[in-house]
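Listing of my_file.cif; format and content: mmCIF, C-alpha atoms and all ligand atoms.
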```
data_upload
loop_
_atom_site.label_atom_id
_atom_site.label_comp_id
_atom_site.auth_asym_id
_atom_site.auth_seq_id
_atom_site.Cartn_x
_atom_site.Cartn_y
_atom_site.Cartn_z
CA MET N 1097 113.87 111.03 44.42
CA PHE N 1098 110.75 109.75 42.64
CA THR N 1099 107.92 109.77 45.20
CA VAL N 1100 104.71 107.72 45.33
CA GLY N 1101 101.74 108.26 47.64
CA LEU N 1102 99.84 105.25 48.96
CA THR N 1103 96.44 106.00 50.42
CA GLY N 1104 92.96 104.58 50.86
CA GLY N 1105 90.08 104.72 53.29
CA ILE N 1106 90.21 103.24 56.77
CA GLY N 1107 90.56 99.46 56.59
CA SER N 1108 91.15 99.46 52.84
CA GLY N 1109 94.49 97.65 53.19
CA LYS N 1110 97.17 100.38 52.89
CA THR N 1111 99.41 98.76 55.48
CA THR N 1112 98.93 95.38 53.83
CA VAL N 1113 99.94 96.81 50.42
CA ALA N 1114 102.86 98.70 52.03
CA LYS N 1115 104.21 95.37 53.30
CA VAL N 1116 104.35 94.07 49.72
CA PHE N 1117 106.33 97.15 48.61
CA ARG N 1118 108.79 96.58 51.47
CA VAL N 1119 109.21 92.95 50.37
CA LEU N 1120 110.01 94.29 46.88
CA GLY N 1121 112.80 96.38 48.44
CA ILE N 1122 111.00 99.74 48.28
CA PRO N 1123 111.35 101.99 51.35
CA VAL N 1124 107.98 103.03 52.79
CA PHE N 1125 107.47 106.13 54.96
CA ASP N 1126 104.61 105.74 57.43
CA ALA N 1127 103.08 109.24 57.59
CA ASP N 1128 100.75 108.44 60.47
CA ARG N 1129 103.63 107.22 62.60
CA ALA N 1130 105.74 110.22 61.59
CA GLY N 1131 102.88 112.50 62.64
CA HIS N 1132 102.71 110.81 66.03
CA ARG N 1133 106.47 111.25 66.46
CA LEU N 1134 106.24 114.96 65.61
CA LEU N 1135 103.47 115.42 68.19
CA ALA N 1136 105.67 113.76 70.78
CA GLU N 1137 109.03 115.34 69.94
CA ASP N 1138 108.99 118.30 67.55
CA ARG N 1139 109.24 121.51 69.54
CA SER N 1140 107.78 123.83 66.86
CA VAL N 1141 104.83 121.50 66.15
CA ILE N 1142 104.12 121.10 69.88
CA GLU N 1143 104.29 124.86 70.46
CA ALA N 1144 102.02 125.64 67.49
CA ILE N 1145 99.41 123.12 68.68
CA ALA N 1146 99.53 124.36 72.30
CA LYS N 1147 99.12 127.94 71.05
CA ARG N 1148 96.01 127.01 69.03
CA PHE N 1149 94.39 124.52 71.43
CA GLY N 1150 95.63 125.56 74.86
CA ASN N 1151 98.00 123.99 77.36
CA GLU N 1152 95.47 121.31 78.28
CA VAL N 1153 96.62 119.36 75.20
CA LEU N 1154 100.13 119.09 76.62
CA GLY N 1155 100.93 115.68 78.07
CA ALA N 1156 103.83 113.93 79.74
CA GLN N 1157 105.61 113.67 76.40
CA GLY N 1158 104.66 116.40 73.94
CA ILE N 1159 101.03 116.50 72.89
CA ASP N 1160 98.43 114.33 74.62
CA ARG N 1161 96.88 112.82 71.50
CA GLN N 1162 93.71 111.66 73.24
CA ALA N 1163 93.04 115.13 74.65
CA LEU N 1164 93.67 116.63 71.21
CA ALA N 1165 91.44 114.07 69.50
CA ARG N 1166 88.55 114.96 71.82
CA LEU N 1167 88.87 118.60 70.70
CA VAL N 1168 89.07 118.02 66.95
CA PHE N 1169 86.98 114.92 66.34
CA HIS N 1170 83.62 116.62 65.96
CA ASP N 1171 84.93 120.08 65.08
CA HIS N 1172 85.75 120.55 61.42
CA ASP N 1173 87.48 123.93 61.85
CA ALA N 1174 89.65 122.60 64.66
CA LEU N 1175 90.60 119.58 62.57
CA GLN N 1176 91.52 121.87 59.68
CA ALA N 1177 93.67 124.01 61.98
CA LEU N 1178 95.45 120.94 63.33
CA SER N 1179 96.03 119.60 59.81
CA ALA N 1180 97.49 122.96 58.74
CA ILE N 1181 100.13 122.54 61.46
CA VAL N 1182 100.86 118.82 61.18
CA HIS N 1183 100.65 118.05 57.45
CA PRO N 1184 103.38 120.47 56.27
CA ALA N 1185 105.65 119.17 59.04
CA VAL N 1186 105.03 115.56 57.99
CA ARG N 1187 105.70 116.48 54.35
CA GLN N 1188 109.03 118.05 55.34
CA ALA N 1189 109.96 114.97 57.40
CA PHE N 1190 109.13 112.83 54.37
CA ARG N 1191 111.31 114.95 52.06
CA ASN N 1192 114.23 114.74 54.50
CA TRP N 1193 113.80 110.97 54.78
CA ALA N 1194 113.38 110.47 51.01
CA GLU N 1195 116.68 112.20 50.28
CA LEU N 1196 118.47 109.61 52.41
CA GLN N 1197 117.02 106.58 50.59
CA ARG N 1198 118.88 104.67 47.90
CA SER N 1199 116.18 103.11 45.72
CA VAL N 1200 114.47 103.69 42.38
CA TYR N 1201 111.47 105.28 44.13
CA VAL N 1202 110.00 105.63 47.61
CA VAL N 1203 106.46 105.29 48.95
CA MET N 1204 104.64 107.48 51.46
CA GLU N 1205 101.77 105.62 53.14
CA ALA N 1206 99.17 108.02 54.54
CA ALA N 1207 95.52 107.62 55.56
CA VAL N 1208 94.90 111.30 54.87
CA LEU N 1209 96.64 112.47 51.71
CA VAL N 1210 94.15 113.61 49.08
CA GLU N 1211 92.21 115.54 51.76
CA SER N 1212 95.30 117.61 52.60
CA GLY N 1213 96.33 118.14 49.00
CA GLY N 1214 99.56 116.36 49.92
CA HIS N 1215 99.36 114.12 46.87
CA ALA N 1216 100.00 117.15 44.62
CA SER N 1217 103.64 117.28 45.69
CA LEU N 1218 104.21 113.58 44.94
CA ASP N 1219 105.06 112.13 41.53
CA ARG N 1220 102.37 109.41 41.54
CA LEU N 1221 99.38 108.39 43.64
CA LEU N 1222 98.29 104.83 44.34
CA VAL N 1223 94.90 104.25 45.96
CA VAL N 1224 93.82 101.05 47.71
CA ASN N 1225 90.14 100.47 47.17
CA ALA N 1226 87.78 98.10 48.95
CA PRO N 1227 84.00 98.03 49.39
CA GLU N 1228 82.88 100.09 52.39
CA GLU N 1229 81.16 97.21 54.17
CA LEU N 1230 84.27 95.05 53.90
CA ARG N 1231 86.42 97.91 55.22
CA ILE N 1232 84.11 98.32 58.21
CA GLN N 1233 84.19 94.59 58.98
CA ARG N 1234 87.99 94.36 58.67
CA THR N 1235 88.55 97.37 60.93
CA VAL N 1236 86.06 96.22 63.58
CA LYS N 1237 87.84 92.85 63.63
CA ARG N 1238 91.38 94.32 63.63
CA ASP N 1239 90.80 97.00 66.30
CA GLY N 1240 88.10 95.29 68.37
CA THR N 1241 86.16 98.53 68.03
CA SER N 1242 82.50 99.28 67.29
CA ARG N 1243 80.94 99.74 63.89
CA GLU N 1244 79.84 103.25 64.94
CA ALA N 1245 83.41 104.23 65.87
CA VAL N 1246 84.64 103.11 62.44
CA LEU N 1247 81.85 105.01 60.68
CA ALA N 1248 82.71 108.15 62.66
CA ARG N 1249 86.35 107.92 61.55
CA MET N 1250 85.25 107.36 57.95
CA ARG N 1251 83.24 110.56 58.00
CA ASN N 1252 86.45 112.53 58.64
CA GLN N 1253 88.04 111.09 55.49
CA ALA N 1254 87.57 111.83 51.80
CA THR N 1255 84.97 109.84 49.90
CA ASP N 1256 86.12 106.99 47.65
CA GLY N 1257 85.16 109.06 44.59
CA ILE N 1258 87.49 111.94 45.49
CA ARG N 1259 90.39 109.59 46.20
CA LEU N 1260 89.86 107.52 43.07
CA ALA N 1261 89.66 110.62 40.85
CA ALA N 1262 93.16 111.61 41.99
CA ALA N 1263 94.70 108.13 41.59
CA HIS N 1264 97.20 107.11 38.91
CA TRP N 1265 96.68 103.46 39.92
CA VAL N 1266 94.08 101.63 41.98
CA ILE N 1267 94.69 98.37 43.85
CA ASP N 1268 91.42 96.50 44.38
CA ASN N 1269 91.64 94.82 47.76
CA ASN N 1270 88.30 93.05 47.87
CA ASP N 1271 87.49 89.43 48.57
CA SER N 1272 88.14 88.21 45.04
CA ASP N 1273 91.11 90.01 43.37
CA LEU N 1274 94.62 88.92 44.32
CA VAL N 1275 96.60 91.80 45.81
CA ILE N 1276 100.23 90.77 45.30
CA PRO N 1277 100.09 90.52 41.46
CA GLN N 1278 98.46 93.97 41.34
CA VAL N 1279 101.22 95.49 43.50
CA VAL N 1280 103.93 93.80 41.42
CA ALA N 1281 102.39 95.22 38.21
CA VAL N 1282 102.29 98.73 39.69
CA HIS N 1283 105.85 98.32 40.96
CA GLU N 1284 107.07 97.41 37.45
CA ALA N 1285 105.29 100.46 36.01
CA LEU N 1286 106.78 102.67 38.73
CA VAL N 1287 110.31 101.42 38.09
CA LYS N 1288 109.87 102.43 34.43
CA ALA N 1289 108.29 105.78 35.29
CA ALA N 1290 111.03 106.64 37.79
CA GLN N 1291 113.91 106.00 35.37
P1 LIG F 1 93.88 101.95 58.55
O1 LIG F 1 93.61 103.12 57.67
O2 LIG F 1 92.80 101.75 59.55
O3 LIG F 1 95.25 101.96 59.16
P2 LIG F 1 94.66 100.15 56.41
O4 LIG F 1 94.14 100.74 55.17
O5 LIG F 1 96.14 100.29 56.69
O6 LIG F 1 93.80 100.62 57.64
P3 LIG F 1 95.09 97.34 56.85
O7 LIG F 1 95.47 97.48 58.29
O8 LIG F 1 96.15 96.98 55.87
O9 LIG F 1 94.28 98.61 56.35
O10 LIG F 1 93.91 96.27 56.70
C1 LIG F 1 92.81 96.28 57.59
C2 LIG F 1 92.60 94.88 58.15
O11 LIG F 1 92.13 94.04 57.10
C3 LIG F 1 93.87 94.24 58.69
O12 LIG F 1 93.57 93.46 59.81
C4 LIG F 1 94.33 93.35 57.51
O13 LIG F 1 95.07 92.24 57.96
C5 LIG F 1 93.01 92.95 56.88
N1 LIG F 1 93.11 92.74 55.43
C6 LIG F 1 93.63 93.63 54.55
N2 LIG F 1 93.57 93.14 53.30
C7 LIG F 1 93.00 91.93 53.40
C8 LIG F 1 92.65 90.92 52.45
N3 LIG F 1 92.87 91.07 51.13
N4 LIG F 1 92.07 89.81 52.91
C9 LIG F 1 91.83 89.65 54.22
N5 LIG F 1 92.13 90.54 55.16
C10 LIG F 1 92.69 91.67 54.77
#
```
Take the structure in this file and express it as structure tokens.
Amino acid sequence: MFTVGLTGGIGSGKTTVAKVFRVLGIPVFDADRAGHRLLAEDRSVIEAIAKRFGNEVLGAQGIDRQALARLVFHDHDALQALSAIVHPAVRQAFRNWAELQRSVYVVMEAAVLVESGGHASLDRLLVVNAPEELRIQRTVKRDGTSREAVLARMRNQATDGIRLAAAHWVIDNNDSDLVIPQVVAVHEALVKAAQ
């Protein structure tokens, strides 16, 4: 199966772009949701996390994500250790899922993809790009959260420059460019590339 990564910084519009791919009939794998499911249900992931972080991260159903977040949010090494457990498991879940799809190509939507090196195992990478200030405003409005909370989450992600350097295509999701025609153009190029 021909595989395409879809990533971008917080509030850039990944989910919005993913919706357009779904309308075009392309299956989209939501890596963040898959990660949450693994933390809730996957015995080997749960055991590996409990071994590294202690039983206090165990909750009523699998891992207590809030307890885990408190441990890794300001601790780079802990976040790296968690990523080393979760990202390979998400990649395997994606491969299993991709094999079951019947389409010209499939998309994996992930907030963290270039940071984990996960894009290297995909055939193409698509990055959604939007000015930082706009991303902050959109996320504050969507989540009803504070500007500081959004900035803190941004600091745990790759910079725009690193993401853009790895991209085969960039969708500009600012206040002036239309998104749907850009996605349709990329889709047409992907259909050709996948054949
Ligand atoms: P996250 O990484 O936080 O999950 P994301 O990259 O998936 O974010 P979206 O949820 O798609 O981003 O977009 C963030 C918010 O901005 C949403 O509320 C969405 O409806 C809005 N938004 C996205 N694109 C546009 C646009 N072109 N014009 C107006 N609002 C937009």
If you count all atoms listed in the file, which residues end up within 10 Å of ligand LIG 1 (chain F), as a PDB file with C-alpha atoms, in the coordinates of the input?
```
ATOM      1  CA  LEU N1102      99.840 105.250  48.960  1.00  0.00           C
ATOM      2  CA  THR N1103      96.440 106.000  50.420  1.00  0.00           C
ATOM      3  CA  GLY N1104      92.960 104.580  50.860  1.00  0.00           C
ATOM      4  CA  GLY N1105      90.080 104.720  53.290  1.00  0.00           C
ATOM      5  CA  ILE N1106      90.210 103.240  56.770  1.00  0.00           C
ATOM      6  CA  GLY N1107      90.560  99.460  56.590  1.00  0.00           C
ATOM      7  CA  SER N1108      91.150  99.460  52.840  1.00  0.00           C
ATOM      8  CA  GLY N1109      94.490  97.650  53.190  1.00  0.00           C
ATOM      9  CA  LYS N1110      97.170 100.380  52.890  1.00  0.00           C
ATOM     10  CA  THR N1111      99.410  98.760  55.480  1.00  0.00           C
ATOM     11  CA  THR N1112      98.930  95.380  53.830  1.00  0.00           C
ATOM     12  CA  VAL N1113      99.940  96.810  50.420  1.00  0.00           C
ATOM     13  CA  ALA N1114     102.860  98.700  52.030  1.00  0.00           C
ATOM     14  CA  LYS N1115     104.210  95.370  53.300  1.00  0.00           C
ATOM     15  CA  ASP N1128     100.750 108.440  60.470  1.00  0.00           C
ATOM     16  CA  GLU N1205     101.770 105.620  53.140  1.00  0.00           C
ATOM     17  CA  ALA N1206      99.170 108.020  54.540  1.00  0.00           C
ATOM     18  CA  ALA N1207      95.520 107.620  55.560  1.00  0.00           C
ATOM     19  CA  VAL N1208      94.900 111.300  54.870  1.00  0.00           C
ATOM     20  CA  VAL N1223      94.900 104.250  45.960  1.00  0.00           C
ATOM     21  CA  VAL N1224      93.820 101.050  47.710  1.00  0.00           C
ATOM     22  CA  ASN N1225      90.140 100.470  47.170  1.00  0.00           C
ATOM     23  CA  ALA N1226      87.780  98.100  48.950  1.00  0.00           C
ATOM     24  CA  LEU N1230      84.270  95.050  53.900  1.00  0.00           C
ATOM     25  CA  ARG N1231      86.420  97.910  55.220  1.00  0.00           C
ATOM     26  CA  ILE N1232      84.110  98.320  58.210  1.00  0.00           C
ATOM     27  CA  GLN N1233      84.190  94.590  58.980  1.00  0.00           C
ATOM     28  CA  ARG N1234      87.990  94.360  58.670  1.00  0.00           C
ATOM     29  CA  THR N1235      88.550  97.370  60.930  1.00  0.00           C
ATOM     30  CA  VAL N1236      86.060  96.220  63.580  1.00  0.00           C
ATOM     31  CA  LYS N1237      87.840  92.850  63.630  1.00  0.00           C
ATOM     32  CA  ARG N1238      91.380  94.320  63.630  1.00  0.00           C
ATOM     33  CA  ASP N1239      90.800  97.000  66.300  1.00  0.00           C
ATOM     34  CA  VAL N1246      84.640 103.110  62.440  1.00  0.00           C
ATOM     35  CA  ARG N1249      86.350 107.920  61.550  1.00  0.00           C
ATOM     36  CA  MET N1250      85.250 107.360  57.950  1.00  0.00           C
ATOM     37  CA  GLN N1253      88.040 111.090  55.490  1.00  0.00           C
ATOM     38  CA  ASP N1268      91.420  96.500  44.380  1.00  0.00           C
ATOM     39  CA  ASN N1269      91.640  94.820  47.760  1.00  0.00           C
ATOM     40  CA  ASN N1270      88.300  93.050  47.870  1.00  0.00           C
ATOM     41  CA  ASP N1271      87.490  89.430  48.570  1.00  0.00           C
ATOM     42  CA  SER N1272      88.140  88.210  45.040  1.00  0.00           C
ATOM     43  CA  ASP N1273      91.110  90.010  43.370  1.00  0.00           C
ATOM     44  CA  LEU N1274      94.620  88.920  44.320  1.00  0.00           C
ATOM     45  CA  VAL N1275      96.600  91.800  45.810  1.00  0.00           C
ATOM     46  CA  ILE N1276     100.230  90.770  45.300  1.00  0.00           C
TER      47      ILE N1276
END
```
Please, what distance in Å, to one decimal, runs between atom CA of Ala1177 of chain N and atom CA of Ser1140 of chain N?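 A separation of 14.9 Å between them.
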What's the 12 Å shell around Phe1190 of chain N, counting only C-alpha atoms, without same-chain residues fewer than 2 positions away, as a PyMOL selection string? chain N and resi 1097+1099-1101+1123-1131+1134+1183-1188+1192-1197+1202-1206+1214+1217-1218
State, in Å with one decimal place, the distance from atom CA of Leu1164 of chain N to atom CA of Glu1152 of chain N.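 Atom CA of Glu1152 of chain N lies 8.7 Å from atom CA of Leu1164 of chain N.
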Using atom CA of Arg1161 of chain N and atom CA of Val1182 of chain N as the two end points, give the distance in Å to one decimal.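 Spanning atom CA of Arg1161 of chain N to atom CA of Val1182 of chain N is a straight-line distance of 12.6 Å.
For Gly1158 of chain N, the list of residues within 9 Å, based on only C-alpha atoms and with local chain neighbours fewer than 5 positions off taken out, reads Leu1134, Leu1135, Ala1136, Glu1137, Asp1138, Arg1139, Ile1142 and Val1153 of chain N.
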Distance criterion (only C-alpha atoms): nearest to Gln1176 of chain N out of N:Glu1211, N:Asp1256, N:Asp1219, N:Glu1244: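 Of all the options, N:Glu1211 lies closest to Gln1176 of chain N.
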With a distance cut-off of 10 Å and all atoms listed in the file, select the neighbouring residues of Val1200 of chain N, excluding the residue or stretch itself and same-chain residues fewer than 4 positions from it, and output the selection as a PyMOL selection string. chain N and resi 1097-1099+1121-1123+1286-1291
Which is closer to Thr1255 of chain N than all the others in N:His1215, N:Val1210, N:Gly1240, N:His1283, using only C-alpha atoms? N:Val1210
Return as lines of an AutoDock Vina configuration file the centre and edge lengths, in Å with one decimal, of the box along x, y and z that encloses every atom of segment 1210-1228 of chain N in the file, padded by 3 Å per side.
```
center_x = 94.0
center_y = 108.1
center_z = 47.1
size_x = 28.2
size_y = 26.1
size_z = 17.1
```
Selection: 8 Å around Val1279 of chain N, all atoms listed in the file, excl. self and same-chain fewer than 6 positions, as a ChimeraX atom specification: /N:1113,1116-1117,1267
For segment 1107-1131 of chain N, which lacks atoms in the input, supply N, CA, C and O atoms and format the output as a JSON list (two decimals), in the frame of the given file.
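Contents of the output file result_12.json:
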```
[["chain", "number", "residue", "atom", "x", "y", "z"],
["N", 1107, "GLY", "N", 90.79, 100.89, 56.80],
["N", 1107, "GLY", "CA", 90.56, 99.46, 56.59],
["N", 1107, "GLY", "C", 90.64, 98.98, 55.16],
["N", 1107, "GLY", "O", 90.33, 97.83, 54.85],
["N", 1108, "SER", "N", 91.10, 99.86, 54.25],
["N", 1108, "SER", "CA", 91.15, 99.46, 52.84],
["N", 1108, "SER", "C", 92.28, 98.47, 52.58],
["N", 1108, "SER", "O", 92.21, 97.65, 51.66],
["N", 1109, "GLY", "N", 93.36, 98.57, 53.37],
["N", 1109, "GLY", "CA", 94.49, 97.65, 53.19],
["N", 1109, "GLY", "C", 95.79, 98.35, 52.83],
["N", 1109, "GLY", "O", 96.69, 97.73, 52.27],
["N", 1110, "LYS", "N", 95.93, 99.63, 53.19],
["N", 1110, "LYS", "CA", 97.17, 100.38, 52.89],
["N", 1110, "LYS", "C", 98.39, 99.70, 53.50],
["N", 1110, "LYS", "O", 99.41, 99.53, 52.84],
["N", 1111, "THR", "N", 98.27, 99.35, 54.78],
["N", 1111, "THR", "CA", 99.41, 98.76, 55.48],
["N", 1111, "THR", "C", 99.76, 97.40, 54.87],
["N", 1111, "THR", "O", 100.93, 97.05, 54.75],
["N", 1112, "THR", "N", 98.73, 96.68, 54.47],
["N", 1112, "THR", "CA", 98.93, 95.38, 53.83],
["N", 1112, "THR", "C", 99.68, 95.55, 52.51],
["N", 1112, "THR", "O", 100.64, 94.83, 52.21],
["N", 1113, "VAL", "N", 99.27, 96.53, 51.70],
["N", 1113, "VAL", "CA", 99.94, 96.81, 50.42],
["N", 1113, "VAL", "C", 101.36, 97.32, 50.67],
["N", 1113, "VAL", "O", 102.31, 96.95, 49.97],
["N", 1114, "ALA", "N", 101.52, 98.16, 51.71],
["N", 1114, "ALA", "CA", 102.86, 98.70, 52.03],
["N", 1114, "ALA", "C", 103.83, 97.57, 52.33],
["N", 1114, "ALA", "O", 105.01, 97.63, 51.95],
["N", 1115, "LYS", "N", 103.34, 96.52, 52.98],
["N", 1115, "LYS", "CA", 104.21, 95.37, 53.30],
["N", 1115, "LYS", "C", 104.74, 94.73, 52.02],
["N", 1115, "LYS", "O", 105.89, 94.30, 51.97],
["N", 1116, "VAL", "N", 103.91, 94.68, 50.98],
["N", 1116, "VAL", "CA", 104.35, 94.07, 49.72],
["N", 1116, "VAL", "C", 105.44, 94.95, 49.09],
["N", 1116, "VAL", "O", 106.45, 94.43, 48.60],
["N", 1117, "PHE", "N", 105.28, 96.28, 49.14],
["N", 1117, "PHE", "CA", 106.33, 97.15, 48.61],
["N", 1117, "PHE", "C", 107.64, 96.93, 49.37],
["N", 1117, "PHE", "O", 108.71, 96.88, 48.76],
["N", 1118, "ARG", "N", 107.56, 96.78, 50.69],
["N", 1118, "ARG", "CA", 108.79, 96.58, 51.47],
["N", 1118, "ARG", "C", 109.46, 95.28, 51.06],
["N", 1118, "ARG", "O", 110.68, 95.22, 50.93],
["N", 1119, "VAL", "N", 108.65, 94.24, 50.81],
["N", 1119, "VAL", "CA", 109.21, 92.95, 50.37],
["N", 1119, "VAL", "C", 109.91, 93.13, 49.02],
["N", 1119, "VAL", "O", 110.93, 92.51, 48.74],
["N", 1120, "LEU", "N", 109.40, 94.03, 48.19],
["N", 1120, "LEU", "CA", 110.01, 94.29, 46.88],
["N", 1120, "LEU", "C", 111.24, 95.20, 47.00],
["N", 1120, "LEU", "O", 111.85, 95.56, 45.99],
["N", 1121, "GLY", "N", 111.59, 95.58, 48.22],
["N", 1121, "GLY", "CA", 112.80, 96.38, 48.44],
["N", 1121, "GLY", "C", 112.57, 97.88, 48.37],
["N", 1121, "GLY", "O", 113.53, 98.65, 48.29],
["N", 1122, "ILE", "N", 111.30, 98.31, 48.38],
["N", 1122, "ILE", "CA", 111.00, 99.74, 48.28],
["N", 1122, "ILE", "C", 110.80, 100.32, 49.68],
["N", 1122, "ILE", "O", 109.95, 99.84, 50.44],
["N", 1123, "PRO", "N", 111.54, 101.37, 50.03],
["N", 1123, "PRO", "CA", 111.35, 101.99, 51.35],
["N", 1123, "PRO", "C", 109.98, 102.66, 51.45],
["N", 1123, "PRO", "O", 109.53, 103.33, 50.52],
["N", 1124, "VAL", "N", 109.31, 102.44, 52.57],
["N", 1124, "VAL", "CA", 107.98, 103.03, 52.79],
["N", 1124, "VAL", "C", 108.02, 103.93, 54.03],
["N", 1124, "VAL", "O", 108.47, 103.50, 55.10],
["N", 1125, "PHE", "N", 107.56, 105.16, 53.86],
["N", 1125, "PHE", "CA", 107.47, 106.13, 54.96],
["N", 1125, "PHE", "C", 106.05, 106.07, 55.51],
["N", 1125, "PHE", "O", 105.08, 106.24, 54.76],
["N", 1126, "ASP", "N", 105.93, 105.84, 56.79],
["N", 1126, "ASP", "CA", 104.61, 105.74, 57.43],
["N", 1126, "ASP", "C", 104.25, 107.13, 57.97],
["N", 1126, "ASP", "O", 104.74, 107.56, 59.01],
["N", 1127, "ALA", "N", 103.39, 107.84, 57.23],
["N", 1127, "ALA", "CA", 103.08, 109.24, 57.59],
["N", 1127, "ALA", "C", 102.34, 109.34, 58.91],
["N", 1127, "ALA", "O", 102.55, 110.30, 59.66],
["N", 1128, "ASP", "N", 101.49, 108.36, 59.21],
["N", 1128, "ASP", "CA", 100.75, 108.44, 60.47],
["N", 1128, "ASP", "C", 101.70, 108.31, 61.66],
["N", 1128, "ASP", "O", 101.60, 109.05, 62.64],
["N", 1129, "ARG", "N", 102.65, 107.38, 61.52],
["N", 1129, "ARG", "CA", 103.63, 107.22, 62.60],
["N", 1129, "ARG", "C", 104.53, 108.44, 62.72],
["N", 1129, "ARG", "O", 104.86, 108.89, 63.82],
["N", 1130, "ALA", "N", 104.90, 109.01, 61.57],
["N", 1130, "ALA", "CA", 105.74, 110.22, 61.59],
["N", 1130, "ALA", "C", 104.99, 111.36, 62.27],
["N", 1130, "ALA", "O", 105.57, 112.12, 63.05],
["N", 1131, "GLY", "N", 103.69, 111.47, 62.00],
["N", 1131, "GLY", "CA", 102.88, 112.50, 62.64],
["N", 1131, "GLY", "C", 102.85, 112.33, 64.15],
["N", 1131, "GLY", "O", 103.01, 113.29, 64.91]]
```
